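To start, the structure under review is shown below, and the notes come after it.
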Amino acid sequence: MTHTAHLVQGLDNDAVAADWPAIDARDVAWLRGRYPQLGTDVGVAWHSPRPLSAAALLESSRGRVFAKRHHHSVRDAASLGEEHRFIAHLAAAGVPVVQVLRDADGATAPEHNGWTYELHSVGEGQDLYRDAPSWTPLADPVAAREAGRMLATLHQASASYHAPQRSTHLLVARDDLIRAADPLAMLQADLDQRPGLAAYLARQHWQDELQRAVLPWHAGLAGRLHAEPRLWAHNDWHVSNLLWRADSEAPQVQTVFDFGLASPTSALFDLATAIERNAIAWLALEQQTDAARIAIALALVEGYRQVLPVSAARVQLLADLLPIVHLDFALSEVEYFNGITASPTNADVAYHTFLLGHALWFKGRHGQALLQALHAAA
């Protein structure tokens, strides 16, 4: 399934062959027939280096649009529609999100030859982190404060949105296992419906490994999360998914995009994910330097609290949630790499480095310092 002509960002911050072929002239020709608003003279201006789908900027005399193509085993029209309805709700509530375009039949996720497509308007603002790897931390506490404010603004709008849980586990950030009284039992029960994950875990001592690395952080957490209401959340609040106003003296978020991981989790889950994504330099762990960006983490929380209140008890819960906020998503990546792209090497990285390694990092000196700083901010 590897396509050597197109390189994307690998899990080790390297350039690797893409799992999915790049969007090309054949895709463009088919999309032109479905989207009259594209016009007739359309070309590919840029290919995204993100690895989990094929994406590109399309340019024509009518302007630019962002196109994304998913394999049907990862996203079909129904599962993409779940994201698109959430985006539409946020847009109606005034959140600055990209517009999802409809084809001639009114569909937002047309399917063709085993692929599912989506087209978005190009968001306003500068993509300051477009070429940065997914785990690149946010560099500026002032920008982090603004990102926290915008996340709270999104949560204000999301509070009135009600929809069921996502229809897929693949590449979706859930908190089902974190909320479960017995995560191991829930995961075991799920495996019959998740053959790609089951096949991988059958080769691991997963119960013992999760018991050692992850579950110590889970003790008492499920009961405390009962008071946290379900909330549809972005669940991938990284600076690379934000566009920034160019004509502002202070950093200001102008557009929010990429809702691929969105699902009903909670506000604290989304804020903890924002800290995990933006305030820890995970790619620097091999250099054994301090990967924690405490000022960024505190600025995210501070900005969030400028818009929505977060009690001292909930800040304590936020800190305690942080070491395992990645649990469900890490397993979804294992499932994707083992069951969809048939990449055991990437599945090993998702399991050993991401799932187990990130949880274990919080037991070390630098992880403990970050958690202590968050506890003190309550």
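Numbering starts fresh at 1 for the residues of each chain in the structure tokens, the chains themselves are lettered A, B, ... in the order given, and ligands are numbered from 1 as they appear.
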Non-local contacts of Ser134 of chain A (9 Å; only C-alpha atoms; under 2 positions in same chain excluded) as a ChimeraX atom specification: /A:9,13,50,132,136-137,238-240,277
Can those selected residues be exported to a file as a tab-separated table (two decimals), in the first residue's frame so that it contains N, CA and C atoms?
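Just written: selection-v8.tsv:
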chain	number	residue	atom	x	y	z
A	9	GLN	N	5.25	12.98	6.43
A	9	GLN	CA	5.94	12.97	7.72
A	9	GLN	C	5.75	11.63	8.41
A	13	ASN	N	9.60	11.73	12.78
A	13	ASN	CA	9.91	13.05	12.24
A	13	ASN	C	10.84	12.95	11.03
A	50	ARG	N	0.94	15.52	5.76
A	50	ARG	CA	0.32	14.73	6.83
A	50	ARG	C	0.04	13.32	6.32
A	132	ALA	N	5.31	21.95	10.20
A	132	ALA	CA	5.84	21.42	11.46
A	132	ALA	C	5.29	20.03	11.72
A	136	THR	N	5.21	19.00	17.32
A	136	THR	CA	5.97	20.21	17.59
A	136	THR	C	5.23	21.07	18.62
A	137	PRO	N	5.87	21.43	19.74
A	137	PRO	CA	5.16	22.23	20.75
A	137	PRO	C	4.97	23.66	20.30
A	238	HIS	N	-4.04	21.15	18.27
A	238	HIS	CA	-2.63	21.47	18.08
A	238	HIS	C	-2.53	22.74	17.25
A	239	VAL	N	-1.47	23.48	17.46
A	239	VAL	CA	-1.31	24.77	16.79
A	239	VAL	C	-1.31	24.63	15.27
A	240	SER	N	-0.96	23.45	14.76
A	240	SER	CA	-0.97	23.24	13.31
A	240	SER	C	-2.38	23.15	12.75
A	277	ARG	N	-0.59	18.00	23.26
A	277	ARG	CA	-0.16	18.27	21.89
A	277	ARG	C	0.81	19.45	21.81
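Using only C-alpha atoms, the residues found no farther than 9 Å from segment 306-311 of chain A, other than those of its own chain fewer than 4 positions away, are Gly148, Arg149, Met150, Ala152, Thr153, His155, Gln156, Val301, Glu302, Val315, Gln316 and Ala378 of chain A.
Across segment 156-287 of chain A, DSSP run on the backbone finds strand (DSSP E) at A:Leu231, A:Trp232, A:Ala233, A:Leu242, A:Leu243, A:Trp244, A:Val253, A:Gln254, A:Thr255, A:Val256, A:Ser263, A:Pro264, A:Thr265.
Using only C-alpha atoms, the shortest contact distance between Arg365 of chain A and any of A:Val349, A:Thr341, A:Leu52, A:Thr289 is found at A:Thr289.
The shortest atom-to-atom distance to Gly33 of chain A, with only C-alpha atoms taken into account, belongs to A:His112 out of A:Arg179, A:His112, A:Ile294, A:Tyr304.
Residue nearest Tyr161 of chain A, chosen from A:Val334, A:Ala91, A:Val97, A:Leu261 and counting only C-alpha atoms: A:Ala91.
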Give me, as a ChimeraX atom specification, all polymer residues having an atom no more than 9 Å from His47 of chain A, counting only C-alpha atoms and skipping those fewer than 4 positions away in the same chain. /A:6,22-23,54-57
Selection export as a tab-separated table (two decimals), in the first residue's frame, atoms kept: N, CA and C atoms:
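The new file selection.tsv reads:
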chain	number	residue	atom	x	y	z
A	6	HIS	N	5.42	9.83	-3.31
A	6	HIS	CA	4.91	10.91	-2.46
A	6	HIS	C	5.41	10.69	-1.04
A	22	ALA	N	-0.96	10.25	-3.70
A	22	ALA	CA	-1.27	11.67	-3.67
A	22	ALA	C	-2.47	11.99	-4.57
A	23	ILE	N	-3.21	13.01	-4.20
A	23	ILE	CA	-4.28	13.51	-5.05
A	23	ILE	C	-3.67	13.97	-6.37
A	54	ALA	N	-4.83	11.49	2.13
A	54	ALA	CA	-4.24	12.32	1.08
A	54	ALA	C	-4.96	13.65	1.07
A	55	ALA	N	-4.21	14.75	1.04
A	55	ALA	CA	-4.82	16.08	1.06
A	55	ALA	C	-4.00	17.01	0.20
A	56	ALA	N	-4.68	18.01	-0.36
A	56	ALA	CA	-3.99	18.94	-1.26
A	56	ALA	C	-4.78	20.23	-1.37
A	57	LEU	N	-4.08	21.29	-1.72
A	57	LEU	CA	-4.72	22.54	-2.10
A	57	LEU	C	-4.95	22.51	-3.61
When DSSP is applied to the backbone of this structure, which of segment 152-291 of chain A are assigned helix (DSSP H, G or I)? Write them out as a ChimeraX atom specification. /A:152-158,176-179,183-193,195-201,206-213,215-218,221-225,239-241,267-278,282-287
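When only C-alpha atoms are used to measure the gap to Leu31 of chain A, the shortest distance among A:Ala93, A:Arg102, A:Glu82, A:Ala299 belongs to A:Arg102.
Of note, atom CA of Gly260 of chain A and atom CA of Gly81 of chain A are spaced 10.7 Å apart.
Pairwise distance (atom CA of Ala25 of chain A, atom CA of Glu59 of chain A) equals 12.2 Å.
Counting only C-alpha atoms and comparing A:Ala262, A:Ala198, A:Ala109, A:Ala104, the residue that lies closest to Ala163 of chain A is A:Ala262.
Of the residues under consideration (A:Gly125, A:Thr255, A:His352, A:His366), A:His366 shows the shortest atom-to-atom contact distance to Asp290 of chain A when counting only C-alpha atoms.
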I want to know what sits within 12 Å of Ala227 of chain A, based on only C-alpha atoms, with residues of the same chain fewer than 2 positions away left out; could you give that as a count of residues only? 14
Write out as a list in words the residues lying within 6 Å of segment 168-177 of chain A, counting only C-alpha atoms and excluding same-chain residues fewer than 4 positions away. Pro183, Leu261, Thr265, Asp328, Phe329, Ser332 and Glu333 of chain A
Take the residues that were just selected and, keeping N, CA, C and O atoms, output them as a tab-separated table (two decimals), in the first residue's frame.
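Listed below is the output, selection_36.tsv:
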chain	number	residue	atom	x	y	z
A	183	PRO	N	-11.02	-0.47	32.53
A	183	PRO	CA	-10.64	-0.29	31.13
A	183	PRO	C	-10.20	-1.58	30.45
A	183	PRO	O	-10.47	-1.78	29.26
A	261	LEU	N	-10.55	14.05	14.41
A	261	LEU	CA	-10.52	13.27	15.65
A	261	LEU	C	-11.70	13.61	16.56
A	261	LEU	O	-11.80	13.09	17.67
A	265	THR	N	-16.42	13.78	23.99
A	265	THR	CA	-15.56	13.44	25.12
A	265	THR	C	-15.94	14.37	26.28
A	265	THR	O	-16.98	14.20	26.87
A	328	ASP	N	-7.24	6.08	24.44
A	328	ASP	CA	-8.11	5.57	23.38
A	328	ASP	C	-7.56	5.86	22.00
A	328	ASP	O	-7.62	5.01	21.10
A	329	PHE	N	-7.00	7.06	21.80
A	329	PHE	CA	-6.50	7.40	20.47
A	329	PHE	C	-5.27	6.58	20.11
A	329	PHE	O	-5.10	6.16	18.95
A	332	SER	N	-6.39	3.44	18.79
A	332	SER	CA	-6.97	3.58	17.46
A	332	SER	C	-5.88	3.66	16.40
A	332	SER	O	-6.05	3.18	15.27
A	333	GLU	N	-4.75	4.28	16.74
A	333	GLU	CA	-3.63	4.31	15.80
A	333	GLU	C	-3.03	2.92	15.61
A	333	GLU	O	-2.67	2.54	14.50
Need to verify the contact set: segment 204-219 of chain A, 8 Å, only C-alpha atoms, exclusion of same-chain residues closer than 3 positions in sequence. Can you return it as a ChimeraX atom specification? /A:178,184,200-201,222,320-321,323-324,356-357,359-360
Write out the residues from the selection above, keeping N, CA, C and O atoms, as a compact mmCIF listing (two decimals), in the first residue's frame.
# COMPACT_ATOMS: atom_id res chain seq x y z
N ILE A 178 -11.08 5.62 29.38
CA ILE A 178 -10.72 6.43 30.54
C ILE A 178 -11.89 6.55 31.50
O ILE A 178 -11.72 6.52 32.72
N LEU A 184 -9.51 -2.47 31.17
CA LEU A 184 -9.05 -3.71 30.55
C LEU A 184 -10.22 -4.58 30.13
O LEU A 184 -10.22 -5.17 29.05
N TYR A 200 -3.09 -7.36 16.71
CA TYR A 200 -1.85 -6.79 17.22
C TYR A 200 -1.67 -7.12 18.70
O TYR A 200 -0.60 -7.56 19.13
N LEU A 201 -2.72 -6.91 19.50
CA LEU A 201 -2.60 -7.14 20.94
C LEU A 201 -2.36 -8.61 21.26
O LEU A 201 -1.77 -8.92 22.31
N ALA A 222 -12.05 7.34 36.98
CA ALA A 222 -13.37 7.12 36.37
C ALA A 222 -14.49 7.71 37.21
O ALA A 222 -15.40 8.37 36.69
N ASP A 320 -4.63 15.28 36.54
CA ASP A 320 -4.62 13.83 36.74
C ASP A 320 -5.03 13.08 35.48
O ASP A 320 -4.67 11.92 35.29
N LEU A 321 -5.80 13.74 34.62
CA LEU A 321 -6.22 13.13 33.36
C LEU A 321 -5.11 13.14 32.32
O LEU A 321 -5.02 12.24 31.46
N PRO A 323 -1.89 12.36 31.99
CA PRO A 323 -0.98 11.25 31.63
C PRO A 323 -1.62 10.14 30.82
O PRO A 323 -0.90 9.36 30.19
N ILE A 324 -2.96 10.03 30.82
CA ILE A 324 -3.59 8.96 30.04
C ILE A 324 -4.62 9.49 29.06
O ILE A 324 -5.43 8.73 28.54
N LEU A 356 2.40 3.38 25.67
CA LEU A 356 3.09 3.05 26.92
C LEU A 356 4.13 4.11 27.28
O LEU A 356 4.21 4.55 28.44
N GLY A 357 4.91 4.54 26.29
CA GLY A 357 6.01 5.45 26.58
C GLY A 357 5.57 6.80 27.10
O GLY A 357 6.18 7.34 28.04
N ALA A 359 2.80 7.53 28.73
CA ALA A 359 2.30 7.38 30.10
C ALA A 359 3.46 7.24 31.09
O ALA A 359 3.44 7.83 32.18
N LEU A 360 4.48 6.48 30.71
CA LEU A 360 5.62 6.30 31.60
C LEU A 360 6.42 7.58 31.77
O LEU A 360 7.02 7.81 32.84
